[in-house]
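K.L.:
I am sharing query-v6.csv, which consists of CSV, C-alpha atoms and all ligand atoms:
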```csv
chain,number,residue,atom,x,y,z
A,286,MET,CA,0.0,0.0,0.0
A,287,ASN,CA,1.2,3.5,-0.9
A,288,TYR,CA,-1.5,6.0,-0.4
A,289,ALA,CA,-1.7,9.1,-2.6
A,290,MET,CA,-4.2,11.5,-4.1
A,291,ALA,CA,-4.8,13.0,-7.5
A,292,LEU,CA,-6.3,16.5,-7.8
A,293,ASP,CA,-8.1,17.5,-11.0
A,294,TYR,CA,-7.6,21.1,-9.9
A,295,GLN,CA,-9.1,22.7,-13.0
A,296,ASN,CA,-12.5,21.6,-11.7
A,297,CYS,CA,-12.1,23.5,-8.4
A,298,ILE,CA,-14.7,26.2,-7.9
A,299,ASN,CA,-13.3,27.4,-4.6
A,300,CYS,CA,-16.5,26.5,-2.7
A,301,LYS,CA,-14.4,25.3,0.3
A,302,ALA,CA,-16.8,22.5,1.0
A,303,CYS,CA,-13.7,20.3,1.5
A,304,GLU,CA,-12.4,22.7,4.2
A,305,VAL,CA,-15.6,22.6,6.1
A,306,ALA,CA,-16.0,18.8,5.7
A,307,CYS,CA,-12.5,18.2,6.9
A,308,LYS,CA,-13.2,20.3,10.0
A,309,GLU,CA,-16.5,18.5,10.7
A,310,GLU,CA,-15.1,15.0,10.1
A,311,ASN,CA,-11.9,15.4,12.1
A,312,GLY,CA,-12.9,17.9,14.8
A,313,VAL,CA,-10.2,20.3,13.7
A,314,GLN,CA,-9.9,23.3,15.9
A,315,LEU,CA,-11.9,26.3,14.8
A,316,GLY,CA,-10.1,29.3,13.5
A,317,ALA,CA,-9.2,30.4,10.0
A,318,ASP,CA,-5.5,29.6,10.5
A,319,LYS,CA,-6.2,26.1,11.8
A,320,GLN,CA,-6.5,24.2,8.5
A,321,ARG,CA,-5.6,20.7,7.5
A,322,ILE,CA,-6.7,21.5,4.0
A,323,TRP,CA,-7.0,24.7,1.9
A,324,VAL,CA,-7.4,26.2,-1.5
A,325,GLY,CA,-4.4,28.1,-2.8
A,326,VAL,CA,-5.5,31.1,-4.9
A,327,VAL,CA,-3.2,32.8,-7.4
A,328,GLU,CA,-4.7,35.9,-8.9
A,329,GLY,CA,-3.3,38.3,-11.5
A,330,THR,CA,-3.9,39.9,-14.9
A,331,ILE,CA,-2.6,38.9,-18.4
A,332,PHE,CA,-2.7,42.0,-20.6
A,333,GLY,CA,-5.2,43.6,-18.4
A,334,LYS,CA,-7.5,40.6,-18.3
A,335,PRO,CA,-8.0,39.2,-14.7
A,336,PHE,CA,-7.5,35.5,-14.0
A,337,ALA,CA,-7.6,33.3,-10.9
A,338,ASN,CA,-6.0,29.9,-10.5
A,339,LEU,CA,-7.1,27.6,-7.8
A,340,TYR,CA,-4.9,24.9,-6.3
A,341,PRO,CA,-6.7,22.8,-3.6
A,342,SER,CA,-4.1,21.4,-1.3
A,343,GLN,CA,-3.2,19.6,1.9
A,344,CYS,CA,-0.4,17.5,3.3
A,345,ASN,CA,1.5,15.7,0.5
A,346,HIS,CA,2.3,12.7,2.6
A,347,CYS,CA,5.8,12.9,1.2
A,348,ILE,CA,7.8,9.7,0.8
A,349,ASP,CA,11.0,11.5,2.0
A,350,ALA,CA,9.1,13.6,4.5
A,351,PRO,CA,11.4,16.2,6.2
A,352,CYS,CA,8.9,16.6,9.0
A,353,VAL,CA,9.4,13.0,10.0
A,354,SER,CA,13.2,13.2,9.8
A,355,VAL,CA,13.4,16.3,11.9
A,356,CYS,CA,11.0,15.2,14.7
A,357,PRO,CA,13.1,14.6,17.9
A,358,THR,CA,10.5,12.5,19.7
A,359,ASN,CA,9.1,10.4,16.8
A,360,ALA,CA,5.7,12.0,17.2
A,361,SER,CA,5.7,12.6,13.5
A,362,HIS,CA,5.8,9.2,11.9
A,363,PHE,CA,4.8,7.1,8.9
A,364,ALA,CA,1.6,5.1,9.5
A,365,GLU,CA,0.2,2.4,7.3
A,366,GLY,CA,0.7,3.0,3.5
A,367,GLY,CA,3.1,5.9,4.1
A,368,ILE,CA,0.5,8.2,5.6
A,369,VAL,CA,2.3,10.8,7.6
A,370,LYS,CA,0.8,11.3,11.1
A,371,VAL,CA,1.5,13.0,14.4
A,372,ASP,CA,1.1,11.2,17.7
A,373,PRO,CA,-0.2,14.1,19.9
A,374,HIS,CA,0.9,12.4,23.1
A,375,LYS,CA,4.6,12.4,21.9
A,376,CYS,CA,4.5,15.9,20.4
A,377,ILE,CA,6.5,18.5,22.5
A,378,LEU,CA,5.5,21.4,20.3
A,379,CYS,CA,9.1,22.2,19.3
A,380,LYS,CA,7.6,23.1,15.9
A,381,GLY,CA,10.6,21.7,14.0
A,382,CYS,CA,8.3,19.9,11.6
A,383,MET,CA,6.4,23.1,10.8
A,384,GLU,CA,9.7,24.7,9.9
A,385,ALA,CA,10.8,21.7,7.8
A,386,CYS,CA,7.6,21.2,5.8
A,387,PRO,CA,7.9,23.0,2.4
A,388,TYR,CA,4.1,23.0,2.0
A,389,ASP,CA,3.1,24.7,5.3
A,390,ALA,CA,0.8,21.8,5.9
A,391,ARG,CA,1.0,21.8,9.7
A,392,PHE,CA,-0.3,24.0,12.5
A,393,VAL,CA,-0.6,23.9,16.2
A,394,ASP,CA,-3.9,22.6,17.6
A,395,ASP,CA,-4.2,24.3,20.9
A,396,THR,CA,-7.0,22.0,22.1
A,397,MET,CA,-4.6,18.9,21.7
A,398,VAL,CA,-1.5,20.9,22.6
A,399,ALA,CA,0.2,19.3,19.6
A,400,VAL,CA,0.9,19.8,16.0
A,401,ASP,CA,-1.9,18.6,13.7
A,402,LYS,CA,-2.2,17.9,9.9
A,403,CYS,CA,-4.1,15.9,7.3
A,404,THR,CA,-4.3,12.2,8.0
A,405,PHE,CA,-5.8,11.2,4.6
A,406,CYS,CA,-8.8,10.4,6.9
A,407,ASP,CA,-7.3,7.0,7.6
A,408,HIS,CA,-10.1,6.3,10.1
A,409,ARG,CA,-12.5,6.1,7.2
A,410,SER,CA,-10.7,6.1,3.9
A,411,LEU,CA,-8.9,2.7,4.4
A,412,GLU,CA,-12.2,0.8,4.9
A,413,ALA,CA,-13.6,-1.0,1.9
A,414,GLY,CA,-15.4,1.5,-0.3
A,415,GLY,CA,-14.3,4.4,2.0
A,416,THR,CA,-12.6,7.6,1.1
A,417,THR,CA,-11.5,10.9,2.6
A,418,ALA,CA,-14.1,13.5,3.7
A,419,CYS,CA,-12.7,16.1,1.3
A,420,GLN,CA,-13.1,13.7,-1.7
A,421,ALA,CA,-16.6,12.6,-0.6
A,422,THR,CA,-17.9,16.2,-0.3
A,423,CYS,CA,-16.4,17.9,-3.3
A,424,PRO,CA,-19.2,18.8,-5.7
A,425,THR,CA,-16.9,18.8,-8.8
A,426,LYS,CA,-15.0,15.7,-7.9
A,427,VAL,CA,-11.6,17.3,-7.7
A,428,ARG,CA,-9.9,14.7,-5.5
A,429,LEU,CA,-9.3,11.0,-6.0
A,430,PHE,CA,-7.7,9.1,-3.1
A,431,GLY,CA,-6.1,5.7,-3.8
A,432,ASP,CA,-3.2,3.2,-3.7
A,433,LEU,CA,-0.2,3.7,-6.0
A,434,ASP,CA,0.7,0.0,-5.6
A,435,ASP,CA,-2.6,-1.1,-7.0
A,436,GLU,CA,-2.5,-1.0,-10.8
A,437,ASN,CA,-6.2,-1.6,-10.9
A,438,SER,CA,-7.1,1.3,-8.6
A,439,ASP,CA,-9.0,4.3,-10.1
A,440,LEU,CA,-6.1,6.4,-9.0
A,441,VAL,CA,-3.4,4.6,-11.0
A,442,LYS,CA,-5.8,4.2,-14.0
A,443,LEU,CA,-6.3,8.0,-14.0
A,444,LEU,CA,-2.5,8.6,-13.7
A,445,LYS,CA,-1.9,6.3,-16.6
A,446,THR,CA,-4.2,8.4,-18.9
A,447,LYS,CA,-3.2,11.9,-17.8
A,448,ARG,CA,-0.1,14.0,-17.4
A,449,PHE,CA,0.5,15.6,-14.0
A,450,PHE,CA,2.8,17.7,-11.9
A,451,PHE,CA,3.7,18.3,-8.3
A,452,GLN,CA,3.8,21.5,-6.3
A,453,LYS,CA,7.4,22.5,-5.4
A,454,GLU,CA,8.9,19.4,-6.8
A,455,TYR,CA,12.4,21.0,-6.4
A,456,THR,CA,12.2,20.5,-2.6
A,457,ASN,CA,12.8,16.8,-3.3
A,458,THR,CA,10.4,15.4,-0.7
A,459,LEU,CA,8.6,13.1,-3.2
A,460,PRO,CA,5.2,14.5,-2.6
A,461,LYS,CA,2.1,12.4,-3.2
A,462,LEU,CA,-0.5,15.0,-4.3
A,463,PHE,CA,-0.6,14.5,-8.1
A,464,TYR,CA,-2.0,17.6,-9.9
A,465,ILE,CA,-3.6,16.6,-13.1
A,466,LEU,CA,-2.6,18.7,-16.1
A,467,PRO,CA,-5.7,20.2,-17.7
A,468,ASP,CA,-6.5,18.9,-21.2
A,469,ASP,CA,-7.3,22.4,-22.3
A,470,GLU,CA,-4.0,23.8,-23.4
A,471,ALA,CA,-4.8,27.4,-22.8
A,472,TYR,CA,-5.8,26.7,-19.2
A,473,ALA,CA,-2.8,24.5,-18.7
A,474,LYS,CA,-0.5,27.3,-19.9
A,475,GLN,CA,-2.2,29.8,-17.6
A,476,SER,CA,-2.1,27.6,-14.5
A,477,VAL,CA,1.3,25.9,-14.7
A,478,SER,CA,4.6,27.8,-14.4
A,479,HIS,CA,7.3,27.6,-17.0
A,480,ASP,CA,9.7,25.6,-14.8
A,481,THR,CA,7.2,23.1,-13.5
A,482,ILE,CA,8.1,19.6,-14.7
A,483,ILE,CA,5.3,17.6,-16.3
A,484,HIS,CA,5.3,13.9,-15.6
A,485,THR,CA,3.7,10.7,-16.9
A,486,TRP,CA,3.1,7.5,-14.9
A,487,GLU,CA,5.7,5.7,-16.9
A,488,ASP,CA,8.4,8.2,-16.0
A,489,ILE,CA,7.5,8.6,-12.3
A,490,LYS,CA,6.6,5.1,-11.4
A,491,PRO,CA,10.2,3.7,-11.0
A,492,LEU,CA,11.3,6.7,-8.9
A,493,TYR,CA,8.3,6.4,-6.5
A,494,GLU,CA,8.6,2.6,-6.3
A,495,GLU,CA,12.3,2.8,-5.5
A,496,ALA,CA,11.6,5.4,-2.8
A,497,LYS,CA,8.8,3.4,-1.3
A,498,ASN,CA,11.1,0.3,-1.0
A,499,ARG,CA,13.7,2.4,0.6
A,500,ARG,CA,11.5,4.1,3.1
A,501,SER,CA,8.7,1.7,3.8
A,502,LYS,CA,10.7,-0.2,6.5
A,503,GLU,CA,9.8,2.8,8.7
A,504,TRP,CA,6.1,2.6,7.9
A,505,LYS,CA,3.9,1.2,10.6
A,506,LYS,CA,1.7,-1.8,9.7
B,87,MET,CA,-49.7,40.6,-19.8
B,88,VAL,CA,-50.0,42.4,-23.1
B,89,ALA,CA,-53.2,44.0,-21.8
B,90,ARG,CA,-51.2,45.3,-18.8
B,91,LYS,CA,-48.5,46.6,-21.1
B,92,VAL,CA,-46.0,44.1,-19.9
B,93,ASP,CA,-43.8,42.2,-22.4
B,94,PRO,CA,-44.7,38.5,-22.0
B,95,MET,CA,-41.2,37.7,-23.4
B,96,PRO,CA,-38.3,39.6,-21.9
B,97,ALA,CA,-37.3,42.4,-24.2
B,98,TRP,CA,-34.5,45.0,-23.8
B,99,ARG,CA,-35.8,48.5,-23.1
B,100,ASP,CA,-33.3,51.3,-23.3
B,101,GLU,CA,-35.4,53.6,-21.2
B,102,ASP,CA,-35.3,51.1,-18.3
B,103,TYR,CA,-31.5,50.9,-18.3
B,104,VAL,CA,-30.1,52.8,-15.3
B,105,LYS,CA,-27.1,54.8,-16.6
B,106,VAL,CA,-24.4,55.7,-14.2
B,107,PRO,CA,-23.7,59.5,-14.0
B,108,GLU,CA,-20.1,60.7,-13.4
B,109,GLY,CA,-19.1,60.4,-9.8
B,110,LYS,CA,-21.6,57.7,-9.0
B,111,PHE,CA,-21.4,53.9,-9.1
B,112,LYS,CA,-23.9,51.1,-9.8
B,113,PHE,CA,-24.2,48.8,-6.9
B,114,VAL,CA,-24.5,45.1,-7.7
B,115,THR,CA,-24.8,42.2,-5.2
B,116,GLY,CA,-24.3,38.5,-5.4
B,117,ARG,CA,-23.8,35.2,-3.5
B,118,HIS,CA,-21.0,32.9,-2.7
B,119,ALA,CA,-20.9,29.1,-2.8
B,120,GLN,CA,-20.6,29.4,1.0
B,121,PHE,CA,-23.2,32.1,1.9
B,122,THR,CA,-26.5,31.6,0.2
B,123,GLN,CA,-29.7,32.3,2.1
B,124,SER,CA,-30.6,33.4,5.7
B,125,SER,CA,-29.7,30.1,7.3
B,126,THR,CA,-26.0,30.5,6.4
B,127,VAL,CA,-25.6,34.0,7.9
B,128,ASN,CA,-24.7,33.0,11.4
B,129,ASN,CA,-23.0,29.7,10.8
B,130,ILE,CA,-19.6,29.7,12.6
B,131,MET,CA,-18.1,27.0,10.3
B,132,LEU,CA,-18.8,29.1,7.2
B,133,LEU,CA,-17.8,32.4,8.9
B,134,GLU,CA,-14.3,30.8,9.3
B,135,LEU,CA,-14.0,30.9,5.5
B,136,MET,CA,-15.0,34.5,5.3
B,137,HIS,CA,-15.9,36.5,8.4
B,138,GLU,CA,-16.7,39.9,6.8
B,139,ASN,CA,-17.6,41.2,3.4
B,140,TYR,CA,-15.6,43.8,1.4
B,141,LEU,CA,-16.5,46.4,-1.2
B,142,TRP,CA,-15.1,45.4,-4.6
B,143,ILE,CA,-14.0,48.4,-6.6
B,144,ASN,CA,-12.0,48.6,-9.8
B,145,ASP,CA,-8.4,48.9,-8.9
B,146,LYS,CA,-7.5,51.7,-11.3
B,147,GLU,CA,-10.5,53.7,-10.2
B,148,ALA,CA,-9.7,53.1,-6.6
B,149,GLU,CA,-6.2,54.4,-7.2
B,150,LYS,CA,-7.6,57.6,-8.7
B,151,LEU,CA,-9.8,58.1,-5.7
B,152,GLY,CA,-7.0,57.3,-3.3
B,153,ILE,CA,-8.8,54.3,-1.9
B,154,GLU,CA,-6.6,51.5,-0.6
B,155,PHE,CA,-7.3,48.0,0.6
B,156,GLY,CA,-8.9,48.0,4.0
B,157,ASP,CA,-10.0,51.7,3.9
B,158,THR,CA,-13.4,52.2,5.4
B,159,ILE,CA,-15.8,53.5,2.8
B,160,GLU,CA,-19.2,55.0,3.3
B,161,VAL,CA,-21.6,53.8,0.7
B,162,THR,CA,-24.7,56.0,0.2
B,163,SER,CA,-27.8,55.3,-1.9
B,164,ARG,CA,-31.2,57.1,-2.0
B,165,VAL,CA,-32.5,54.8,0.7
B,166,GLY,CA,-29.6,54.0,3.0
B,167,GLN,CA,-26.0,54.2,4.1
B,168,VAL,CA,-23.5,51.6,5.2
B,169,ARG,CA,-19.8,51.4,6.1
B,170,ILE,CA,-17.6,48.7,4.7
B,171,LYS,CA,-13.9,48.1,4.0
B,172,ALA,CA,-12.5,48.5,0.4
B,173,TYR,CA,-11.1,45.7,-1.8
B,174,PRO,CA,-9.6,47.2,-5.0
B,175,THR,CA,-9.4,44.5,-7.7
B,176,PRO,CA,-9.1,44.2,-11.5
B,177,LYS,CA,-11.9,41.6,-11.3
B,178,ILE,CA,-14.6,44.3,-11.5
B,179,VAL,CA,-15.3,46.9,-14.2
B,180,PRO,CA,-15.2,50.7,-13.5
B,181,GLN,CA,-18.3,52.5,-12.3
B,182,THR,CA,-19.6,49.4,-10.6
B,183,VAL,CA,-19.1,48.3,-7.0
B,184,PHE,CA,-20.1,45.0,-5.4
B,185,TYR,CA,-20.3,43.3,-2.1
B,186,ILE,CA,-21.6,39.9,-1.2
B,187,HIS,CA,-25.0,39.4,0.2
B,188,GLY,CA,-25.6,37.8,3.7
B,189,PHE,CA,-23.3,40.0,5.8
B,190,GLY,CA,-23.6,43.0,8.1
B,191,ALA,CA,-26.7,41.7,9.9
B,192,LYS,CA,-28.6,44.4,11.8
B,193,SER,CA,-29.9,42.0,14.4
B,194,GLU,CA,-27.9,41.5,17.6
B,195,GLY,CA,-29.4,38.0,17.7
B,196,MET,CA,-27.1,37.1,14.9
B,197,THR,CA,-24.3,36.7,17.5
B,198,PHE,CA,-21.5,36.0,15.0
B,199,ALA,CA,-22.8,38.0,12.0
B,200,HIS,CA,-23.9,41.1,13.8
B,201,ARG,CA,-22.4,44.0,11.7
B,202,ASN,CA,-19.7,41.9,10.1
B,203,GLY,CA,-19.3,44.2,7.1
B,204,ALA,CA,-22.3,45.7,5.3
B,205,SER,CA,-25.8,44.5,4.4
B,206,ASP,CA,-27.0,45.0,0.9
B,207,ASN,CA,-30.6,45.2,2.0
B,208,GLU,CA,-29.9,48.5,3.7
B,209,ILE,CA,-29.0,50.3,0.5
B,210,ILE,CA,-30.9,48.6,-2.4
B,211,GLU,CA,-33.9,50.6,-3.6
B,212,ASP,CA,-37.3,49.1,-3.7
B,213,THR,CA,-38.2,48.8,-7.4
B,214,ILE,CA,-40.0,45.7,-8.7
B,215,GLU,CA,-39.4,43.8,-11.9
B,216,PRO,CA,-42.9,43.8,-13.6
B,217,VAL,CA,-42.9,40.2,-15.0
B,218,HIS,CA,-41.6,38.0,-12.1
B,219,GLY,CA,-42.2,40.5,-9.3
B,220,CYS,CA,-38.8,40.3,-7.7
B,221,ALA,CA,-36.8,43.3,-6.5
B,222,ASN,CA,-34.4,44.8,-9.0
B,223,MET,CA,-31.2,44.0,-7.1
B,224,HIS,CA,-28.7,45.6,-9.5
B,225,ASP,CA,-30.2,49.0,-10.3
B,226,THR,CA,-29.2,51.1,-7.3
B,227,LEU,CA,-26.8,54.1,-7.7
B,228,VAL,CA,-24.5,54.9,-4.9
B,229,THR,CA,-21.8,57.4,-4.0
B,230,LEU,CA,-18.6,56.5,-2.1
B,231,ARG,CA,-16.8,58.5,0.5
B,232,ARG,CA,-13.6,57.4,2.3
B,233,VAL,CA,-13.9,57.9,6.0
C,601,LIG,S1,-14.8,21.0,-2.3
C,601,LIG,FE1,-13.8,20.7,-4.4
C,601,LIG,S2,-14.5,22.5,-5.6
C,601,LIG,FE2,-14.9,23.0,-3.5
C,601,LIG,S3,-13.0,24.1,-2.8
C,601,LIG,FE3,-12.7,21.9,-2.3
C,601,LIG,S4,-11.6,21.1,-4.0
C,601,LIG,FE4,-12.5,23.0,-4.7
C,602,LIG,S1,3.6,18.0,3.1
C,602,LIG,FE1,4.8,18.7,4.9
C,602,LIG,S2,3.7,17.7,6.6
C,602,LIG,FE2,3.1,16.6,4.8
C,602,LIG,S3,4.6,14.9,4.7
C,602,LIG,FE3,5.4,16.5,3.4
C,602,LIG,S4,6.8,17.6,4.8
C,602,LIG,FE4,5.5,16.4,6.1
C,603,LIG,S1,-8.0,13.5,3.8
C,603,LIG,FE1,-9.3,14.0,5.6
C,603,LIG,S2,-7.9,15.0,7.0
C,603,LIG,FE2,-6.9,15.1,4.9
C,603,LIG,S3,-7.7,17.0,4.1
C,603,LIG,FE3,-9.1,15.5,3.4
C,603,LIG,S4,-10.7,15.6,4.9
C,603,LIG,FE4,-9.0,16.6,5.8
```
Produce structure tokens that represent the structure in this file.
Ligand code: SF4
Ligand code: SF4
Ligand code: SF4
P.N.:
Amino acid sequence: MNYAMALDYQNCINCKACEVACKEENGVQLGADKQRIWVGVVEGTIFGKPFANLYPSQCNHCIDAPCVSVCPTNASHFAEGGIVKVDPHKCILCKGCMEACPYDARFVDDTMVAVDKCTFCDHRSLEAGGTTACQATCPTKVRLFGDLDDENSDLVKLLKTKRFFFQKEYTNTLPKLFYILPDDEAYAKQSVSHDTIIHTWEDIKPLYEEAKNRRSKEWKK
Amino acid sequence: MVARKVDPMPAWRDEDYVKVPEGKFKFVTGRHAQFTQSSTVNNIMLLELMHENYLWINDKEAEKLGIEFGDTIEVTSRVGQVRIKAYPTPKIVPQTVFYIHGFGAKSEGMTFAHRNGASDNEIIEDTIEPVHGCANMHDTLVTLRRV
């Protein structure tokens, strides 16, 4: 098992149903800066014409997760299938992981007195037929949670037919949020930067498999 | 309807179009995916996503008027006056201002939403569309003043 998520971000309408569903499902602390999940908005103008790009996001559950390496108490750890989690009882709030994460995916939950982050809803998504709260609630079906090791999963089937990219790939953490490149070329050009590397399943699969074999000894069963 | 001199099919009538005189703005309103009708106004989960509404104004026009993000603006129509913070943006055309419906509740019973920004109901004029009988929400002229 190697859990990951694809995001068909071109369908995002910034309704933020996923943000609310995540808070409800996981009892995340209230407060606008207490988010396991968010929609990144990039706005601007091209020759005077305004545009907005939306990048729904959350923890990347990186294979080479710096937040795990940096944690002095092993509170941050790999759970089943490479899901990156925090054990709140071991967390001493040194906040090293928050500094280490290139995606700003972590925050302090004052009610738990610990760092909190996305869990890929492993309490419900790993059950047969289950999925994450954010995927279940999205009206435009942006998210697809699945297992990279299962060639027959909807996730791998999708990745085989589409091209995709990662956010901040240059930080080399081997992130597992796969952003699906829009088929519409004009929209793809508008929403992907010049130096973003576009991947296919064939080119990325060996790298991710090798990394999984290297790191999965640390993954809890 | 014809007997009552109402077009049974919608037709454009130049004389019904509200032109915007120099120095005034047309106020338009609208809704979010998050805030729709009355039941969403005081919902704390939704207010996390947006806790206050802002006045959209064309960025170039705002610059000319010396209006910056977060400035308090007094918006005055023939029927009312509100205060709201400014949000200059290229996403709106000149001579038009906008803020989202469902904010700035007058009632203190709306514990989270009481006066969180401005209410559009307080400035929209009461004119009625003759065919479907709804209020004309986008025909109100307003003036702006930075305070
Ligand atoms: S629920 Fe879906 S469409 Fe709405 S903000 Fe989240 S990802 Fe975007
Ligand atoms: S996105 Fe951040 S919190 Fe999530 S695994 Fe990667 S480094 Fe850790
Ligand atoms: S997978 Fe669950 S915890 Fe993670 S962002 Fe989605 S709803 Fe929140």
K.L.:
Would you list the contacts of Thr126 (chain B) as a list of chain:residue names, taking every protein, DNA or RNA residue within 12 Å and counting all atoms listed in the file, but skipping same-chain residues closer than 5 positions in sequence?
P.N.:
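The residues that qualify are B:Arg117, B:His118, B:Ala119, B:Gln120, B:Phe121, B:Met131, B:Leu132, B:Leu133, B:Met136, B:His137, B:His187, B:Gly188, B:Phe189, B:Ala191, B:Met196, B:Phe198, B:Ala199.
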K.L.:
Residues within 8 Å of Cys297 (chain A), please, as a list in words. Count all atoms listed in the file; anything in the same chain fewer than 4 positions from it doesn't count.
P.N.:
Asp293, Leu339, Tyr340, Pro341, Thr425 and Val427 of chain A
K.L.:
Since we have the selection now, will you write its residues out, keeping C-alpha atoms, as a short mmCIF file (atom, residue, chain, number, x, y, z; two decimals), in the frame of the given file?
P.N.:
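Saved to again-v8.cif:
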```cif
data_model
loop_
_atom_site.label_atom_id
_atom_site.label_comp_id
_atom_site.auth_asym_id
_atom_site.auth_seq_id
_atom_site.Cartn_x
_atom_site.Cartn_y
_atom_site.Cartn_z
CA ASP A 293 -8.10 17.50 -11.00
CA LEU A 339 -7.10 27.60 -7.80
CA TYR A 340 -4.90 24.90 -6.30
CA PRO A 341 -6.70 22.80 -3.60
CA THR A 425 -16.90 18.80 -8.80
CA VAL A 427 -11.60 17.30 -7.70
#
```
K.L.:
Please check which protein, DNA or RNA residues sit within 7 Å of ligand LIG 601 (chain C), counting only C-alpha atoms and all ligand atoms, and write them as a list in words.
P.N.:
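Checking only C-alpha atoms and all ligand atoms against ligand LIG 601 (chain C) at 7 Å gives Asn296, Cys297, Ile298, Asn299, Cys300, Lys301, Ala302, Cys303, Glu304, Val324, Pro341, Cys419, Thr422, Cys423, Pro424, Thr425, Lys426, Val427 and Arg428 of chain A.
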K.L.:
At a cut-off of 6 Å around the point (-7.5, 46.7, -0.9) (file coordinates), what residues fall inside when counting all atoms listed in the file? I'd like the answer as an MDAnalysis selection string.
P.N.:
chainID B and resid 154:156 172:174
K.L.:
May I ask you to write as a VMD selection string all residues lying at most 8 Å from ligand LIG 603 (chain C), with all atoms listed in the file counted?
P.N.:
chain A and resid 303 to 304 306 to 308 310 to 311 321 to 322 342 to 344 402 to 407 410 416 to 420
K.L.:
Export C-alpha atoms of the chosen residues as a compact mmCIF listing (two decimals), in the coordinates of the input?
P.N.:
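Output (result_21.txt):
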```txt
# COMPACT_ATOMS: atom_id res chain seq x y z
CA CYS A 303 -13.70 20.30 1.50
CA GLU A 304 -12.40 22.70 4.20
CA ALA A 306 -16.00 18.80 5.70
CA CYS A 307 -12.50 18.20 6.90
CA LYS A 308 -13.20 20.30 10.00
CA GLU A 310 -15.10 15.00 10.10
CA ASN A 311 -11.90 15.40 12.10
CA ARG A 321 -5.60 20.70 7.50
CA ILE A 322 -6.70 21.50 4.00
CA SER A 342 -4.10 21.40 -1.30
CA GLN A 343 -3.20 19.60 1.90
CA CYS A 344 -0.40 17.50 3.30
CA LYS A 402 -2.20 17.90 9.90
CA CYS A 403 -4.10 15.90 7.30
CA THR A 404 -4.30 12.20 8.00
CA PHE A 405 -5.80 11.20 4.60
CA CYS A 406 -8.80 10.40 6.90
CA ASP A 407 -7.30 7.00 7.60
CA SER A 410 -10.70 6.10 3.90
CA THR A 416 -12.60 7.60 1.10
CA THR A 417 -11.50 10.90 2.60
CA ALA A 418 -14.10 13.50 3.70
CA CYS A 419 -12.70 16.10 1.30
CA GLN A 420 -13.10 13.70 -1.70
```
K.L.:
Output the neighbourhood of ligand LIG 602 (chain C) as a ChimeraX atom specification, that is, all protein and nucleic acid residues with some atom at most 7 Å from the ligand, counting all atoms listed in the file.
P.N.:
/A:344-347,350-353,369,385-391,402,458,460
K.L.:
If you count all atoms listed in the file, which residues fall within 10 Å of Arg169 (chain B), apart from same-chain ones fewer than 6 positions away, as a list in words?
P.N.:
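Surrounding residues, per the criterion: Tyr140, Leu141, Thr158, Ile159, Glu160, Val161, Thr162, Gly190, Arg201, Gly203, Ala204, Ser205, Leu230, Arg231, Arg232 and Val233 of chain B.
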K.L.:
Using the selection just defined, write its residues with C-alpha atoms as a PDB file, keeping the file's coordinate frame.
P.N.:
```pdb
ATOM      1  CA  TYR B 140     -15.600  43.800   1.400  1.00  0.00           C
ATOM      2  CA  LEU B 141     -16.500  46.400  -1.200  1.00  0.00           C
ATOM      3  CA  THR B 158     -13.400  52.200   5.400  1.00  0.00           C
ATOM      4  CA  ILE B 159     -15.800  53.500   2.800  1.00  0.00           C
ATOM      5  CA  GLU B 160     -19.200  55.000   3.300  1.00  0.00           C
ATOM      6  CA  VAL B 161     -21.600  53.800   0.700  1.00  0.00           C
ATOM      7  CA  THR B 162     -24.700  56.000   0.200  1.00  0.00           C
ATOM      8  CA  GLY B 190     -23.600  43.000   8.100  1.00  0.00           C
ATOM      9  CA  ARG B 201     -22.400  44.000  11.700  1.00  0.00           C
ATOM     10  CA  GLY B 203     -19.300  44.200   7.100  1.00  0.00           C
ATOM     11  CA  ALA B 204     -22.300  45.700   5.300  1.00  0.00           C
ATOM     12  CA  SER B 205     -25.800  44.500   4.400  1.00  0.00           C
ATOM     13  CA  LEU B 230     -18.600  56.500  -2.100  1.00  0.00           C
ATOM     14  CA  ARG B 231     -16.800  58.500   0.500  1.00  0.00           C
ATOM     15  CA  ARG B 232     -13.600  57.400   2.300  1.00  0.00           C
ATOM     16  CA  VAL B 233     -13.900  57.900   6.000  1.00  0.00           C
TER      17      VAL B 233
END
```
K.L.:
Using only C-alpha atoms, I'd like a table of the residues in chain A that come within 7 Å of chain B; for each, show the closest atom pair and its distance in Å rounded to one decimal, ordered by chain and ascending number, as CSV.
P.N.:
```
residue,atom,partner,partner_atom,distance
A:Cys300,CA,B:Ala119,CA,5.1
A:Val305,CA,B:Met131,CA,6.6
A:Gly316,CA,B:Glu134,CA,6.1
A:Ala317,CA,B:Glu134,CA,5.2
A:Pro335,CA,B:Lys177,CA,5.7
```
K.L.:
Provide the CA of Gly329 (chain A) to CA of Leu462 (chain A) distance in Å, to one decimal place.
P.N.:
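Pair CA of Gly329 (chain A) / CA of Leu462 (chain A) returns 24.5 Å.
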K.L.:
List every protein, DNA or RNA residue that has an atom no more than 12 Å from (-27.6, 51.5, -16.2) in the file's coordinate frame, counting all atoms listed in the file, and report them as a list of chain:residue names.
P.N.:
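It turns out the residues near that spot are B:Arg99, B:Asp100, B:Glu101, B:Asp102, B:Tyr103, B:Val104, B:Lys105, B:Val106, B:Pro107, B:Lys110, B:Phe111, B:Lys112, B:Phe113, B:Val114, B:Gln181, B:Thr182, B:Asn222, B:His224, B:Asp225, B:Thr226, B:Leu227.
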K.L.:
Please compute the CA of Ala364 (chain A)-CA of Phe430 (chain A) distance, one decimal, in Å.
P.N.:
16.2 Å
K.L.:
Which of these, A:Ala360, A:Ala473, A:Ile348, A:Val326, has the shortest distance to Ala496 (chain A) once you count all atoms listed in the file?
P.N.:
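Checking each candidate against Ala496 (chain A), we get A:Ile348 as the closest.
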